[in-house]
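As stored in model-v9.cif (mmCIF, C-alpha atoms):
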```cif
data_coords
#
loop_
_atom_site.label_atom_id
_atom_site.label_comp_id
_atom_site.auth_asym_id
_atom_site.auth_seq_id
_atom_site.Cartn_x
_atom_site.Cartn_y
_atom_site.Cartn_z
CA MET A 1 58.20 29.26 -28.05
CA ALA A 2 57.19 32.84 -27.39
CA VAL A 3 53.90 34.73 -27.50
CA LYS A 4 53.86 37.94 -29.54
CA LEU A 5 51.82 40.52 -27.66
CA ASN A 6 50.80 44.06 -28.53
CA PHE A 7 49.55 46.38 -25.79
CA ILE A 8 47.08 48.98 -27.14
CA ASN A 9 45.94 51.96 -25.09
CA GLN A 10 42.25 52.56 -25.90
CA SER A 11 41.56 54.01 -22.45
CA ASN A 12 40.45 57.47 -21.35
CA ASP A 13 43.38 57.74 -18.95
CA LEU A 14 44.88 61.24 -18.75
CA ASN A 15 47.31 60.49 -15.92
CA ASN A 16 50.09 58.98 -18.06
CA SER A 17 49.81 55.84 -15.94
CA GLN A 18 52.28 52.97 -15.91
CA ILE A 19 51.20 49.49 -16.95
CA VAL A 20 52.88 46.65 -15.07
CA ILE A 21 53.06 43.04 -16.26
CA PHE A 22 54.26 40.24 -14.02
CA GLN A 23 53.85 36.59 -13.08
CA LYS A 24 53.22 35.07 -9.67
CA ASN A 25 55.33 32.23 -8.31
CA VAL A 26 52.70 29.64 -7.39
CA ALA A 27 55.18 27.14 -5.93
CA THR A 28 54.97 28.67 -2.46
CA ASP A 29 52.07 28.52 -0.04
CA PHE A 30 52.37 32.09 1.14
CA ASP A 31 51.88 35.20 -0.99
CA GLU A 32 55.38 36.20 -1.89
CA LEU A 33 56.15 39.56 -3.45
CA SER A 34 56.32 39.63 -7.23
CA VAL A 35 58.81 41.40 -9.47
CA ALA A 36 57.68 43.99 -12.04
CA TRP A 37 58.74 41.99 -15.12
CA LYS A 38 57.76 44.70 -17.59
CA VAL A 39 56.63 48.29 -17.09
CA ILE A 40 55.09 50.17 -20.04
CA GLN A 41 55.42 53.94 -19.71
CA TYR A 42 54.35 57.03 -21.69
CA CYS A 43 52.09 54.94 -23.96
CA GLY A 44 49.51 57.58 -24.91
CA GLN A 45 45.91 57.17 -26.02
CA GLY A 46 45.84 55.23 -29.29
CA ASP A 47 49.49 54.19 -28.93
CA ASN A 48 50.58 50.58 -28.95
CA HIS A 49 53.56 48.77 -27.42
CA PRO A 50 54.58 45.41 -28.95
CA PHE A 51 56.58 42.94 -26.87
CA THR A 52 57.40 39.24 -26.70
CA PHE A 53 56.59 36.90 -23.84
CA PRO A 54 58.71 33.72 -23.97
CA MET A 55 57.21 30.60 -22.44
CA GLY A 56 60.71 29.43 -21.45
CA LEU A 57 62.66 30.49 -18.37
CA SER A 58 66.25 31.16 -17.46
CA VAL A 59 67.74 30.96 -13.97
CA GLY A 60 70.69 32.69 -12.41
CA SER A 61 72.03 33.17 -8.93
CA SER A 62 74.31 35.36 -6.91
CA ASP A 63 76.39 34.54 -3.84
CA SER A 64 77.23 36.36 -0.63
CA TYR A 65 80.48 37.62 -2.20
CA GLY A 66 78.62 39.70 -4.79
CA ASN A 67 79.24 37.33 -7.70
CA TYR A 68 76.52 36.75 -10.31
CA THR A 69 76.31 33.62 -12.47
CA PRO A 70 75.34 33.67 -16.14
CA GLN A 71 71.70 32.94 -16.87
CA ILE A 72 71.09 29.36 -17.97
CA LYS A 73 67.99 28.02 -19.70
CA ALA A 74 65.79 26.21 -17.20
CA GLN A 75 63.28 23.41 -17.63
CA ASN A 76 60.39 22.52 -15.34
CA GLY A 77 61.21 19.42 -13.32
CA GLU A 78 64.93 20.22 -13.20
CA LEU A 79 67.16 21.15 -10.28
CA TYR A 80 69.98 23.69 -10.59
CA LYS A 81 72.70 23.89 -7.99
CA MET A 82 75.07 26.61 -6.85
CA ALA A 83 78.26 24.62 -6.31
CA LEU A 84 81.83 25.32 -5.29
CA THR A 85 83.96 24.24 -8.26
CA ALA A 86 87.69 24.43 -8.91
CA SER A 87 87.19 27.91 -10.42
CA GLY A 88 84.83 29.20 -7.72
CA ASN A 89 81.07 29.30 -7.25
CA GLN A 90 79.06 28.24 -10.30
CA LEU A 91 75.44 27.46 -11.10
CA VAL A 92 75.28 23.97 -12.63
CA ALA A 93 72.59 21.51 -13.68
CA GLY A 94 71.77 19.23 -10.76
CA GLY A 95 69.55 16.61 -12.40
CA PRO A 96 65.82 16.13 -11.88
CA GLY A 97 64.06 18.08 -9.14
CA THR A 98 61.43 16.78 -6.72
CA SER A 99 58.47 18.21 -8.69
CA PRO A 100 57.85 17.99 -12.47
CA LYS A 101 56.14 21.40 -12.43
CA GLU A 102 58.86 23.38 -10.64
CA VAL A 103 62.25 24.86 -11.38
CA GLN A 104 64.39 24.36 -8.27
CA VAL A 105 67.63 26.06 -7.25
CA LEU A 106 69.68 24.48 -4.48
CA ASN A 107 72.37 26.22 -2.48
CA GLY A 108 75.06 23.54 -2.61
CA LEU A 109 77.77 25.79 -1.18
CA PRO A 110 79.50 24.85 2.06
CA LYS A 111 78.80 28.32 3.47
CA GLY A 112 77.10 31.59 2.58
CA ALA A 113 73.54 32.33 1.47
CA ILE A 114 72.61 32.78 -2.19
CA THR A 115 69.92 34.57 -4.15
CA ALA A 116 68.13 32.64 -6.91
CA SER A 117 66.40 34.46 -9.76
CA CYS A 118 64.24 33.58 -12.77
CA TYR A 119 64.31 35.57 -16.01
CA LYS A 120 62.16 35.84 -19.12
CA ASP A 121 63.42 37.62 -22.21
CA GLY A 122 66.48 38.64 -20.17
CA ARG A 123 64.36 40.52 -17.62
CA LEU A 124 64.01 39.59 -13.96
CA LEU A 125 60.77 37.67 -13.36
CA ALA A 126 61.09 36.37 -9.80
CA THR A 127 63.73 36.22 -7.09
CA LYS A 128 64.33 34.53 -3.75
CA THR A 129 66.94 35.85 -1.34
CA SER A 130 68.80 34.44 1.68
CA ILE A 131 68.78 30.79 0.66
CA ALA A 132 71.00 29.06 3.22
CA PRO A 133 73.33 26.15 2.36
CA GLN A 134 71.40 22.95 1.53
CA GLN A 135 68.16 24.94 1.22
CA LYS A 136 66.46 25.44 -2.12
CA ALA A 137 64.25 27.95 -3.88
CA VAL A 138 61.27 26.67 -5.86
CA PHE A 139 59.63 28.45 -8.79
CA GLN A 140 56.45 27.53 -10.65
CA PHE A 141 54.52 29.75 -13.04
CA LYS A 142 51.18 29.24 -14.73
CA PRO A 143 51.01 30.27 -18.43
CA THR A 144 49.33 33.52 -17.38
CA ILE A 145 50.31 37.13 -16.88
CA TRP A 146 48.99 39.69 -14.43
CA ILE A 147 48.50 43.20 -15.80
CA GLY A 148 47.35 46.43 -14.19
CA VAL A 149 47.63 50.20 -13.93
CA VAL A 150 50.13 51.37 -11.30
CA SER A 151 52.34 54.30 -10.42
CA GLN A 152 55.94 54.60 -9.29
CA VAL A 153 56.97 51.05 -10.15
CA GLU A 154 60.45 50.24 -11.44
CA GLN A 155 60.91 47.44 -13.94
CA GLY A 156 62.95 44.62 -12.40
CA GLU A 157 62.19 45.61 -8.82
CA VAL A 158 60.15 43.75 -6.20
CA MET A 159 56.75 45.39 -5.79
CA ASN A 160 55.09 45.98 -2.43
CA SER A 161 51.99 44.00 -1.44
CA ALA A 162 49.66 47.00 -1.86
CA ILE A 163 50.61 47.36 -5.53
CA ILE A 164 50.36 43.62 -6.17
CA SER A 165 46.93 43.38 -4.55
CA SER A 166 45.68 46.31 -6.65
CA VAL A 167 46.37 44.35 -9.85
CA ASN A 168 43.52 41.89 -10.35
CA THR A 169 43.54 41.04 -14.07
CA GLU A 170 45.01 37.65 -14.91
CA ILE A 171 45.26 36.78 -18.63
CA SER A 172 45.87 33.22 -19.81
CA LEU A 173 48.31 32.86 -22.70
CA LEU A 174 47.91 29.09 -22.97
CA GLY A 175 47.95 28.00 -26.62
CA ILE A 176 48.21 31.57 -27.94
CA ALA A 177 50.72 32.55 -30.63
CA SER A 178 49.90 36.26 -30.73
CA ALA A 179 47.30 38.70 -29.43
CA ASP A 180 46.53 42.34 -28.73
CA ILE A 181 46.02 43.39 -25.11
CA VAL A 182 43.54 46.27 -25.26
CA MET A 183 43.22 48.60 -22.27
CA THR A 184 39.94 50.48 -21.84
CA GLY A 185 38.30 52.50 -19.06
CA GLY A 186 39.76 55.20 -16.89
CA GLY A 187 39.30 58.90 -17.39
CA PRO A 188 38.38 61.92 -15.26
CA GLY A 189 35.19 62.59 -13.38
CA PRO A 190 32.50 60.47 -11.70
CA ASN A 191 31.61 58.63 -14.92
CA SER A 192 35.02 57.06 -15.35
CA GLN A 193 35.04 53.27 -15.73
CA PRO A 194 37.51 50.92 -14.05
CA PHE A 195 40.47 49.99 -16.22
CA ALA A 196 39.94 46.75 -18.12
CA PHE A 197 42.30 44.60 -20.17
CA ASN A 198 41.02 42.25 -22.86
CA LEU A 199 42.63 40.07 -25.51
CA ASP A 200 41.78 40.87 -29.13
CA ASN A 201 42.93 39.53 -32.51
CA VAL A 202 43.97 36.28 -30.84
CA VAL A 203 45.92 33.84 -33.03
CA MET A 204 46.17 30.35 -31.56
CA ALA A 205 49.46 28.44 -31.74
#
```

Whole structure given in structure tokens:
Amino acid sequence: MAVKLNFINQSNDLNNSQIVIFQKNVATDFDELSVAWKVIQYCGQGDNHPFTFPMGLSVGSSDSYGNYTPQIKAQNGELYKMALTASGNQLVAGGPGTSPKEVQVLNGLPKGAITASCYKDGRLLATKTSIAPQQKAVFQFKPTIWIGVVSQVEQGEVMNSAIISSVNTEISLLGIASADIVMTGGGPGPNSQPFAFNLDNVVMA
């Protein structure tokens, strides 16, 4: 299940701004830094940029020796475990987790911290570093995306808190099969409007 989205630039922006799209991990109490899942660049006035947003997740992890596991499809309510096997460290299914809404990654290694990461459409969505043995990372995402106008953001990198707090548009994709995301506003001078993002041509699933 994936949502077909089409970003359309109907703004008055003349700064060749970047558009960042990301999700927030709501499984943690504190505001953790989000990853720039997708960055749209050089999309001029009147241009559009189609992309797909899968509702499913994949997880992967890396160990303290610089090894990266393959990405495996993840389900909410499931636990995945980094384990020492006969062939070395591997990420394996670990049965049900402790919450039906979360994807959980346990460091089951006898020693060494791991990094756990979530992916959508093959792109990094969220990451947790320095997970000690017998500790776990928890990930939970609402069916929403955050979208905003930014500068100097790299796709796949963790954004700083100032950038994240400047993005205040949350769009729900619940039950949607396809939609246009239309950006308006911006422009030079005192009469410029704030950037706004609205769904148009929505087709429900």

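Taken over the shown file, the PyMOL selection byres ((chain A and resi 183) around 6) identifies Asn9, Gln10, Ser11, Val182, Thr184, Ala196 and Phe197 of chain A.
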
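In terms of minimum interatomic distance to Gly56 in chain A, A:Pro143 ranks closest within A:Gly97, A:Pro143, A:Pro133, A:Gly108, counting all atoms listed in the file.
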
Could you list, with a cut-off of 12 Å and counting only C-alpha atoms, the residues of range 30-104 of chain A near range 169-180 of chain A, each shown with its nearest atom pair and the distance in Å rounded to one decimal, rows sorted by chain and ascending number, as CSV?
```
residue,atom,partner,partner_atom,distance
A:Asn48,CA,A:Asp180,CA,9.2
A:His49,CA,A:Asp180,CA,9.6
A:Pro50,CA,A:Asp180,CA,8.6
A:Phe51,CA,A:Ser178,CA,10.2
A:Thr52,CA,A:Ser178,CA,9.0
A:Phe53,CA,A:Leu173,CA,9.3
A:Pro54,CA,A:Ala177,CA,10.5
A:Met55,CA,A:Leu173,CA,9.2
```

Exercise. Would you write out, as a PyMOL selection string, every residue that the PyMOL selection byres ((chain A and resi 18) around 8) captures in this file?
Key: chain A and resi 16-17+19-20+39-42+149-153

Exercise. Find the residues near Asp31 in chain A: any atom within 12 Å, counting only C-alpha atoms, skip ones fewer than 4 places away on the same chain, and give them as number ranges by chain.
Key: A: 24-27, 160-161, 164-165
